[in-house]
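Enquirer: Quick one: this structure, given as structure tokens, is what I'll be asking you about.
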Amino acid sequence: MSIPVPPVPSFPPAQFTLTSVKGLSAAGVKAGIKASGNPDVGLLVSDAPMAAAGIFTQNHYAAAPVTLSRTHLARSGGLVRAVIVNSGNANACTGAQGEKDALEMCERVAKALGCPVEQVLVCSTGVIGVKLPMDKVRAGIDAALAEKANDLEAGRRFLSAIMTTDAYPKEASAQHAGATIAGVCKGAGMIEPNMATMLAFMATDWDLRAEQLKRSLPTIAASSFNAVHVDTHTSTNDTLLLLSTRALAPPTDWARHVEPVAKRLSWLIARDGEGATKVTTIEVTGAASDEAAKAIARRVASSALVRTALFGNDPNWGRFTSQVGNAPELRHPKALSCVLQGIEVFKQGEPTAFDRAAASKAMAAEDVKLELKLGDGRGHATVMTSDLGYRYVQVNAEYTT
């Protein structure tokens with residue numbers, strides 16, 4: 001049987017990237033970690049220590065680089081001079097040797113830059129349970145240090161070096177009051193809201209303290225990286241970093257301008273989804289609380305039956321409503337209404353008369369919206385999910401073979 005392969009979407013590059021942020025340089029090189037020969041070591045370096053905050057995976061098997069980066073952020077008080085990244089190998093579930101290798105990566109960068117080792121963070125992504133080929137990693141770090149630059153293409157080379165199964169590069173940016181907000185990320189599989197991405201790096205040249213970043217990052221992530229779903233599988237390596245090069249005075253509402261960049265990056269992850277053809281935003285309103293709304297939205301987003309219906313452009317409202325009915329958070333089942341792409345298909349516990357062909361046609365879009373309106377209270381939440389098609393199974397069945 002020939003498996004249909006959806007076309008790879010094409011998105012225009014962002015106007016700015018990480019190296020557009022004042023004081024930030026980057027590199028991306030080929031070290032031979034990936035069998036494909038694609039770039040696999042990336043480096044971000046700031047002219048002076050940056051303020052930084054991070055959110056990391058909650059997986060109990062958190063990879064060595066995650067554990068070390070958490071420790072370094074705590075020890076440095078949120079000051080970071082550089083981030084070193086490798087792809088093609090997750091350095092997860094690799095025991096004491098993995099911890100030693102992650103530390104050596106930081107030490108090598110710190111020695112070259114003349115900064116404390118705790119001011120270097122490390123990230124890895126790729127196959128779990130394989131030890132890093134440190135001879136290649138060392139050579140890659142040295143090459144990245146030699147090639148770092150602050151032009152636009154250097155930022156894009158960094159992005160290329162962090163990708164694994166990504167079908168396309170993921171970047172987003174904005175400017176406000178003379179400041180730049182830029183971000184890149186990678187991720188297409190092992191995506192579940194609880195950190196909901198593999199690796200994401202966002203930076204701004206506003207003068208923000210580490211404590212400000214730490215305080216605001218969870219809220220930014222709640223509507224973006226923690227509101228995206230692909231396959232109900234939180235990775236061992238999930239890392240989101242928000243960096244400030246501290247060059248320009250920020251407005252009081254600075255986080256409001258960072259959030260759209262984070263949302264765009266998250267949408268790009270869901271759109272990739274290893275064979276996905278669309279992103280569906282599931283909006284739950286009228287829940288007993290925001291937490292109840294989030295739980296219901298995630299329950300619907302994680303349903304294989306819902307996601308295959310989305311893939312097939314099938315306006316099968318029974319799959320949506322029955323999954324809501326499985327939620328223990330639901331209080332008044334008969335109050336539920338369901339609106340799909342602006343078409344009301346279910347109202348207060350009963351189906352409505354609607355044109356199924358028109359609804360199916362409306363679903364054949366890159367952006368789909370599913371509204372679930374409850375009668376339990378004022379709780380509200382949104383989750384972005386990818387559809388589930390043939391290609392996802394093929395990619396993940398053959399991931400290590």
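Ordering of the structure tokens sets the chain letters (A, B, ...); residue numbers start at 1 within each chain; ligands are numbered from 1 in the order shown.
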Name the residues in contact with Ala63 in chain A at a cut-off of 10 Å, using only C-alpha atoms, excluding same-chain residues fewer than 3 positions from it; report them as a list of chain:residue names.

Expert: A:Thr57, A:Asn59, A:His60, A:Val66, A:Thr67, A:Leu68, A:Ala90, A:Asn91, A:Ala92, A:Cys93, A:Thr94, A:Gly95, A:Gly98, A:Glu99, A:Ala102, A:Cys123, A:Ser124, A:Thr125, A:Ile128, A:Gly129, A:Ser235, A:Thr236, A:Asn237, A:Asp238

Enquirer: Selection from above, N, CA and C atoms, as a PDB file, in the first residue's frame, can you write it?

Expert:
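The result, stored in result-v5.pdb:
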ATOM      1  N   THR A  57      11.065  20.049  30.929  1.00  0.00           N
ATOM      2  CA  THR A  57      10.201  18.885  31.003  1.00  0.00           C
ATOM      3  C   THR A  57       9.927  18.469  32.451  1.00  0.00           C
ATOM      4  N   ASN A  59       9.074  15.253  32.842  1.00  0.00           N
ATOM      5  CA  ASN A  59       9.302  13.822  32.719  1.00  0.00           C
ATOM      6  C   ASN A  59      10.303  13.366  33.783  1.00  0.00           C
ATOM      7  N   HIS A  60      10.011  12.257  34.467  1.00  0.00           N
ATOM      8  CA  HIS A  60      10.901  11.769  35.527  1.00  0.00           C
ATOM      9  C   HIS A  60      12.246  11.306  34.983  1.00  0.00           C
ATOM     10  N   VAL A  66      19.018  18.734  30.599  1.00  0.00           N
ATOM     11  CA  VAL A  66      17.936  19.422  31.308  1.00  0.00           C
ATOM     12  C   VAL A  66      18.304  19.602  32.775  1.00  0.00           C
ATOM     13  N   THR A  67      18.741  18.525  33.414  1.00  0.00           N
ATOM     14  CA  THR A  67      19.117  18.579  34.828  1.00  0.00           C
ATOM     15  C   THR A  67      20.235  19.589  35.061  1.00  0.00           C
ATOM     16  N   LEU A  68      21.223  19.579  34.187  1.00  0.00           N
ATOM     17  CA  LEU A  68      22.358  20.487  34.356  1.00  0.00           C
ATOM     18  C   LEU A  68      21.961  21.935  34.113  1.00  0.00           C
ATOM     19  N   ALA A  90      19.824  12.687  22.107  1.00  0.00           N
ATOM     20  CA  ALA A  90      19.164  13.366  23.220  1.00  0.00           C
ATOM     21  C   ALA A  90      19.984  13.375  24.507  1.00  0.00           C
ATOM     22  N   ASN A  91      21.021  12.547  24.596  1.00  0.00           N
ATOM     23  CA  ASN A  91      21.759  12.385  25.845  1.00  0.00           C
ATOM     24  C   ASN A  91      20.789  12.205  27.012  1.00  0.00           C
ATOM     25  N   ALA A  92      19.786  11.347  26.803  1.00  0.00           N
ATOM     26  CA  ALA A  92      18.779  11.039  27.818  1.00  0.00           C
ATOM     27  C   ALA A  92      18.876   9.561  28.181  1.00  0.00           C
ATOM     28  N   CYS A  93      18.680   9.257  29.456  1.00  0.00           N
ATOM     29  CA  CYS A  93      18.789   7.879  29.958  1.00  0.00           C
ATOM     30  C   CYS A  93      20.174   7.314  29.664  1.00  0.00           C
ATOM     31  N   THR A  94      21.194   8.130  29.866  1.00  0.00           N
ATOM     32  CA  THR A  94      22.575   7.728  29.585  1.00  0.00           C
ATOM     33  C   THR A  94      23.430   7.683  30.848  1.00  0.00           C
ATOM     34  N   GLY A  95      22.805   7.765  32.026  1.00  0.00           N
ATOM     35  CA  GLY A  95      23.502   7.556  33.288  1.00  0.00           C
ATOM     36  C   GLY A  95      24.555   8.591  33.613  1.00  0.00           C
ATOM     37  N   GLY A  98      26.376  10.313  30.731  1.00  0.00           N
ATOM     38  CA  GLY A  98      25.612  11.393  30.107  1.00  0.00           C
ATOM     39  C   GLY A  98      25.738  12.691  30.877  1.00  0.00           C
ATOM     40  N   GLU A  99      25.719  12.602  32.214  1.00  0.00           N
ATOM     41  CA  GLU A  99      25.891  13.795  33.041  1.00  0.00           C
ATOM     42  C   GLU A  99      27.282  14.397  32.853  1.00  0.00           C
ATOM     43  N   ALA A 102      27.414  16.157  29.379  1.00  0.00           N
ATOM     44  CA  ALA A 102      26.706  17.445  29.360  1.00  0.00           C
ATOM     45  C   ALA A 102      27.552  18.526  30.026  1.00  0.00           C
ATOM     46  N   CYS A 123      21.599  21.999  25.806  1.00  0.00           N
ATOM     47  CA  CYS A 123      20.388  21.315  25.364  1.00  0.00           C
ATOM     48  C   CYS A 123      20.770  20.237  24.351  1.00  0.00           C
ATOM     49  N   SER A 124      20.054  19.132  24.377  1.00  0.00           N
ATOM     50  CA  SER A 124      20.261  18.068  23.406  1.00  0.00           C
ATOM     51  C   SER A 124      18.905  17.567  22.922  1.00  0.00           C
ATOM     52  N   THR A 125      18.863  17.050  21.708  1.00  0.00           N
ATOM     53  CA  THR A 125      17.623  16.496  21.170  1.00  0.00           C
ATOM     54  C   THR A 125      17.948  15.426  20.143  1.00  0.00           C
ATOM     55  N   ILE A 128      16.854   8.788  22.173  1.00  0.00           N
ATOM     56  CA  ILE A 128      17.053   8.546  23.599  1.00  0.00           C
ATOM     57  C   ILE A 128      17.893   7.280  23.807  1.00  0.00           C
ATOM     58  N   GLY A 129      18.757   7.303  24.833  1.00  0.00           N
ATOM     59  CA  GLY A 129      19.444   6.100  25.270  1.00  0.00           C
ATOM     60  C   GLY A 129      20.729   5.784  24.545  1.00  0.00           C
ATOM     61  N   SER A 235       8.372  14.872  26.119  1.00  0.00           N
ATOM     62  CA  SER A 235       9.742  14.421  25.892  1.00  0.00           C
ATOM     63  C   SER A 235      10.577  14.492  27.163  1.00  0.00           C
ATOM     64  N   THR A 236      11.710  13.807  27.127  1.00  0.00           N
ATOM     65  CA  THR A 236      12.691  13.860  28.213  1.00  0.00           C
ATOM     66  C   THR A 236      13.551  15.118  28.153  1.00  0.00           C
ATOM     67  N   ASN A 237      13.471  15.861  27.060  1.00  0.00           N
ATOM     68  CA  ASN A 237      14.424  16.948  26.814  1.00  0.00           C
ATOM     69  C   ASN A 237      13.788  18.323  26.661  1.00  0.00           C
ATOM     70  N   ASP A 238      12.485  18.440  26.868  1.00  0.00           N
ATOM     71  CA  ASP A 238      11.789  19.704  26.633  1.00  0.00           C
ATOM     72  C   ASP A 238      12.440  20.868  27.377  1.00  0.00           C
TER      73      ASP A 238
END

Enquirer: Which value, in Å to one decimal, gives the distance between CA of Ala143 in chain A and CA of Ser69 in chain A?

Expert: 22.2 Å

Enquirer: Which of range 14-234 of chain A end up as helix (DSSP H, G or I) when DSSP is run on this backbone - answer as number ranges by chain?

Expert: A: 18-20, 64-76, 95-113, 117-119, 134-147, 152-162, 210-222, 225-227

Enquirer: By how many Å are CA of Glu171 in chain A and CA of Leu103 in chain A apart?

Expert: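 These two atoms are separated by 28.3 Å.
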
Enquirer: Which polymer residues have any atom within 9 Å of an atom of Glu366 in chain A, counting only C-alpha atoms, with same-chain residues fewer than 4 positions away left out, as a list in words?

Expert: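 So the residues in contact are Arg271, Thr277, Lys278, Val279 and Thr280 of chain A.
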
Enquirer: Name all residues at most 8 Å from range 307-312 of chain A (count only C-alpha atoms; drop same-chain ones fewer than 4 positions away) and give them as a ChimeraX atom specification.

Expert: /A:276-278,280,301-303,316,363,386-389

Enquirer: Those residues with N, CA and C atoms, as a PDB file, in the first residue's frame please?

Expert:
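The new file out_32.pdb reads:
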ATOM      1  N   ALA A 276       1.196  16.141   9.730  1.00  0.00           N
ATOM      2  CA  ALA A 276      -0.065  16.856   9.916  1.00  0.00           C
ATOM      3  C   ALA A 276      -0.416  17.673   8.682  1.00  0.00           C
ATOM      4  N   THR A 277      -1.693  17.928   8.521  1.00  0.00           N
ATOM      5  CA  THR A 277      -2.164  18.753   7.407  1.00  0.00           C
ATOM      6  C   THR A 277      -2.824  20.046   7.883  1.00  0.00           C
ATOM      7  N   LYS A 278      -3.047  20.153   9.204  1.00  0.00           N
ATOM      8  CA  LYS A 278      -3.730  21.350   9.716  1.00  0.00           C
ATOM      9  C   LYS A 278      -3.492  21.480  11.214  1.00  0.00           C
ATOM     10  N   THR A 280      -5.804  22.511  14.566  1.00  0.00           N
ATOM     11  CA  THR A 280      -7.142  22.801  15.077  1.00  0.00           C
ATOM     12  C   THR A 280      -7.016  23.432  16.457  1.00  0.00           C
ATOM     13  N   ALA A 301      -8.391  17.191  22.500  1.00  0.00           N
ATOM     14  CA  ALA A 301      -7.220  17.291  21.623  1.00  0.00           C
ATOM     15  C   ALA A 301      -6.440  15.990  21.535  1.00  0.00           C
ATOM     16  N   SER A 302      -6.465  15.192  22.603  1.00  0.00           N
ATOM     17  CA  SER A 302      -5.653  13.973  22.641  1.00  0.00           C
ATOM     18  C   SER A 302      -6.370  12.750  22.075  1.00  0.00           C
ATOM     19  N   SER A 303      -7.623  12.893  21.698  1.00  0.00           N
ATOM     20  CA  SER A 303      -8.389  11.758  21.181  1.00  0.00           C
ATOM     21  C   SER A 303      -7.955  11.392  19.766  1.00  0.00           C
ATOM     22  N   ASN A 316     -17.772  14.936  12.099  1.00  0.00           N
ATOM     23  CA  ASN A 316     -18.411  13.942  12.965  1.00  0.00           C
ATOM     24  C   ASN A 316     -18.473  14.485  14.384  1.00  0.00           C
ATOM     25  N   MET A 363     -13.549  22.430   6.754  1.00  0.00           N
ATOM     26  CA  MET A 363     -12.506  21.785   7.549  1.00  0.00           C
ATOM     27  C   MET A 363     -11.223  21.569   6.757  1.00  0.00           C
ATOM     28  N   SER A 386      -2.646  18.990  16.322  1.00  0.00           N
ATOM     29  CA  SER A 386      -2.500  18.595  14.923  1.00  0.00           C
ATOM     30  C   SER A 386      -3.449  17.449  14.631  1.00  0.00           C
ATOM     31  N   ASP A 387      -3.762  17.241  13.361  1.00  0.00           N
ATOM     32  CA  ASP A 387      -4.562  16.088  12.980  1.00  0.00           C
ATOM     33  C   ASP A 387      -3.668  14.855  12.916  1.00  0.00           C
ATOM     34  N   LEU A 388      -4.274  13.691  12.801  1.00  0.00           N
ATOM     35  CA  LEU A 388      -3.538  12.427  12.854  1.00  0.00           C
ATOM     36  C   LEU A 388      -3.770  11.652  11.562  1.00  0.00           C
ATOM     37  N   GLY A 389      -2.698  11.515  10.776  1.00  0.00           N
ATOM     38  CA  GLY A 389      -2.816  10.847   9.484  1.00  0.00           C
ATOM     39  C   GLY A 389      -1.825   9.719   9.322  1.00  0.00           C
TER      40      GLY A 389
END

Enquirer: With distances taken over only C-alpha atoms, which residue among A:Pro169, A:Glu118, A:Val80, A:Val258 lies nearest Pro12 in chain A?

Expert: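 Answer, going by the shortest atom-to-atom distance: A:Pro169.
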
Enquirer: What is the CA of Lys131 in chain A to CA of Pro65 in chain A distance in Å?

Expert: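 For CA of Lys131 in chain A relative to CA of Pro65 in chain A, the distance reads 12.5 Å.
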
Enquirer: Counting only C-alpha atoms, which residue out of A:Arg246, A:Arg108, A:His257, A:Arg378 sits closest to Val21 in chain A?

Expert: A:Arg246

Enquirer: Report as a count of residues only all protein, DNA and RNA residues lying within 8 Å of Leu79 in chain A, evaluated on only C-alpha atoms, omitting residues in the same chain fewer than 3 positions from it.

Expert: 8

Enquirer: Which parts of range 169-287 of chain A does DSSP call strand (DSSP E or B) when run on the backbone here, written out as an MDAnalysis selection string?

Expert: chainID A and resid 170:176 179:186 199:206 228:229 239:248 279:287

Enquirer: Residues as selected, N, CA and C atoms, written as a compact mmCIF listing (two decimals), in the first residue's frame, can you do that?

Expert:
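Once everything was written out, this is out_33.txt:
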# COMPACT_ATOMS: atom_id res chain seq x y z
N LYS A 170 11.35 26.63 12.04
CA LYS A 170 10.30 27.31 12.80
C LYS A 170 10.89 28.54 13.47
N GLU A 171 10.46 29.71 13.04
CA GLU A 171 10.95 30.96 13.62
C GLU A 171 9.84 32.00 13.60
N ALA A 172 9.92 32.95 14.51
CA ALA A 172 8.93 34.02 14.60
C ALA A 172 9.60 35.23 15.23
N SER A 173 9.06 36.42 14.93
CA SER A 173 9.68 37.63 15.47
C SER A 173 8.70 38.77 15.49
N ALA A 174 9.07 39.80 16.22
CA ALA A 174 8.28 41.04 16.27
C ALA A 174 9.21 42.15 16.73
N GLN A 175 8.79 43.38 16.49
CA GLN A 175 9.49 44.54 17.04
C GLN A 175 8.49 45.45 17.73
N HIS A 176 8.93 46.07 18.81
CA HIS A 176 8.07 47.02 19.53
C HIS A 176 8.94 48.07 20.18
N ALA A 179 12.67 47.66 20.10
CA ALA A 179 13.22 46.41 20.59
C ALA A 179 12.79 45.25 19.70
N THR A 180 13.61 44.21 19.68
CA THR A 180 13.33 43.02 18.89
C THR A 180 12.99 41.86 19.81
N ILE A 181 11.96 41.10 19.43
CA ILE A 181 11.65 39.83 20.08
C ILE A 181 11.76 38.78 19.00
N ALA A 182 12.61 37.79 19.19
CA ALA A 182 12.79 36.76 18.18
C ALA A 182 12.84 35.40 18.84
N GLY A 183 12.38 34.39 18.11
CA GLY A 183 12.40 33.05 18.67
C GLY A 183 12.52 31.99 17.60
N VAL A 184 13.11 30.88 17.96
CA VAL A 184 13.17 29.71 17.09
C VAL A 184 12.84 28.49 17.95
N CYS A 185 12.39 27.43 17.31
CA CYS A 185 12.11 26.21 18.05
C CYS A 185 12.22 25.02 17.11
N LYS A 186 12.27 23.84 17.71
CA LYS A 186 12.18 22.61 16.94
C LYS A 186 11.21 21.69 17.67
N LEU A 199 12.64 21.82 21.90
CA LEU A 199 13.54 22.91 22.26
C LEU A 199 12.99 24.22 21.71
N ALA A 200 13.02 25.27 22.52
CA ALA A 200 12.58 26.59 22.07
C ALA A 200 13.45 27.65 22.72
N PHE A 201 13.86 28.62 21.92
CA PHE A 201 14.73 29.70 22.40
C PHE A 201 14.12 31.03 21.95
N MET A 202 13.85 31.90 22.91
CA MET A 202 13.32 33.23 22.62
C MET A 202 14.22 34.26 23.28
N ALA A 203 14.42 35.38 22.59
CA ALA A 203 15.31 36.41 23.13
C ALA A 203 14.77 37.79 22.79
N THR A 204 15.10 38.74 23.63
CA THR A 204 14.76 40.14 23.40
C THR A 204 15.90 41.01 23.89
N ASP A 205 16.00 42.22 23.33
CA ASP A 205 17.02 43.14 23.82
C ASP A 205 16.47 44.15 24.83
N TRP A 206 15.26 43.92 25.34
CA TRP A 206 14.80 44.71 26.47
C TRP A 206 15.64 44.40 27.72
N VAL A 228 -0.19 23.30 23.25
CA VAL A 228 -0.05 22.65 21.95
C VAL A 228 0.10 21.15 22.17
N HIS A 229 -0.56 20.37 21.32
CA HIS A 229 -0.59 18.93 21.48
C HIS A 229 -0.37 18.26 20.12
N THR A 239 12.76 21.91 26.64
CA THR A 239 13.39 23.10 27.22
C THR A 239 12.88 24.34 26.51
N LEU A 240 12.40 25.30 27.28
CA LEU A 240 12.03 26.62 26.77
C LEU A 240 12.87 27.64 27.52
N LEU A 241 13.63 28.44 26.78
CA LEU A 241 14.45 29.49 27.39
C LEU A 241 14.01 30.85 26.87
N LEU A 242 13.89 31.80 27.79
CA LEU A 242 13.62 33.20 27.45
C LEU A 242 14.82 34.01 27.93
N LEU A 243 15.44 34.74 27.00
CA LEU A 243 16.70 35.44 27.25
C LEU A 243 16.54 36.94 27.03
N SER A 244 17.24 37.72 27.80
CA SER A 244 17.25 39.17 27.64
C SER A 244 18.68 39.67 27.62
N THR A 245 19.06 40.37 26.54
CA THR A 245 20.42 40.92 26.46
C THR A 245 20.54 42.28 27.15
N ARG A 246 19.44 42.77 27.69
CA ARG A 246 19.45 43.92 28.60
C ARG A 246 20.03 45.20 27.98
N ALA A 247 19.53 45.51 26.78
CA ALA A 247 20.06 46.68 26.07
C ALA A 247 19.13 47.89 26.11
N LEU A 248 17.80 47.66 26.14
CA LEU A 248 16.84 48.76 26.00
C LEU A 248 15.81 48.73 27.12
N VAL A 279 -3.84 22.63 11.74
CA VAL A 279 -3.88 22.88 13.18
C VAL A 279 -5.31 23.18 13.56
N THR A 280 -5.80 22.51 14.57
CA THR A 280 -7.14 22.80 15.08
C THR A 280 -7.02 23.43 16.46
N THR A 281 -7.57 24.62 16.60
CA THR A 281 -7.61 25.28 17.89
C THR A 281 -8.92 24.92 18.56
N ILE A 282 -8.82 24.26 19.68
CA ILE A 282 -10.00 23.84 20.45
C ILE A 282 -10.20 24.86 21.56
N GLU A 283 -11.32 25.56 21.50
CA GLU A 283 -11.62 26.58 22.50
C GLU A 283 -12.79 26.12 23.36
N VAL A 284 -12.56 26.04 24.65
CA VAL A 284 -13.60 25.66 25.60
C VAL A 284 -13.98 26.88 26.42
N THR A 285 -15.27 27.21 26.42
CA THR A 285 -15.77 28.32 27.23
C THR A 285 -16.90 27.81 28.12
N GLY A 286 -17.17 28.55 29.18
CA GLY A 286 -18.29 28.19 30.06
C GLY A 286 -18.02 27.02 30.97
N ALA A 287 -16.74 26.69 31.19
CA ALA A 287 -16.41 25.60 32.10
C ALA A 287 -16.47 26.08 33.55

Enquirer: Within 6 Å of range 146-159 of chain A, which residues of range 24-125 of chain A show up? Give each one with its shortest atom-to-atom distance in Å (one decimal) and the two atoms involved, counting only C-alpha atoms, rows by chain then rising residue number, as a Markdown table.

Expert:
| residue | atom | partner | partner_atom | distance |
| --- | --- | --- | --- | --- |
| A:Ser25 | CA | A:Asn150 | CA | 4.2 |
| A:Ala26 | CA | A:Lys148 | CA | 4.9 |
| A:Ala27 | CA | A:Lys148 | CA | 4.5 |
| A:Gly28 | CA | A:Phe158 | CA | 4.1 |
| A:Gly42 | CA | A:Phe158 | CA | 4.9 |

Enquirer: Please produce a file of those selected residues containing C-alpha atoms, as a PDB file, in the first residue's frame.

Expert:
ATOM      1  CA  SER A  25      25.597  35.958  18.048  1.00  0.00           C
ATOM      2  CA  ALA A  26      25.091  32.390  16.865  1.00  0.00           C
ATOM      3  CA  ALA A  27      26.471  29.489  14.883  1.00  0.00           C
ATOM      4  CA  GLY A  28      25.275  26.201  13.455  1.00  0.00           C
ATOM      5  CA  GLY A  42      24.324  25.082  17.513  1.00  0.00           C
TER       6      GLY A  42
END

Enquirer: Using only C-alpha atoms, which protein or nucleic acid residues come within 12 Å of Phe320 in chain A? Drop anything in the same chain fewer than 5 positions from it, and give the result as a ChimeraX atom specification.

Expert: /A:282,284,296-310,314-315,325-327,336-340,345-346,370-373

Enquirer: Just want the 8 Å neighbourhood of Pro218 in chain A, counted on only C-alpha atoms, with same-chain residues fewer than 4 positions away dropped. Output as a list in words.

Expert: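 Everything that qualifies: Ile55, Lys214 and Ala222 of chain A.
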
Enquirer: Taking only C-alpha atoms into account, name the residue in A:Val122, A:Leu132, A:Val85, A:Val324 that is nearest to Ala144 in chain A.

Expert: A:Val85

Enquirer: Which is closest to Val109 in chain A among A:Arg138, A:Lys361, A:Lys334, A:His380, if we use only C-alpha atoms?

Expert: A:Arg138
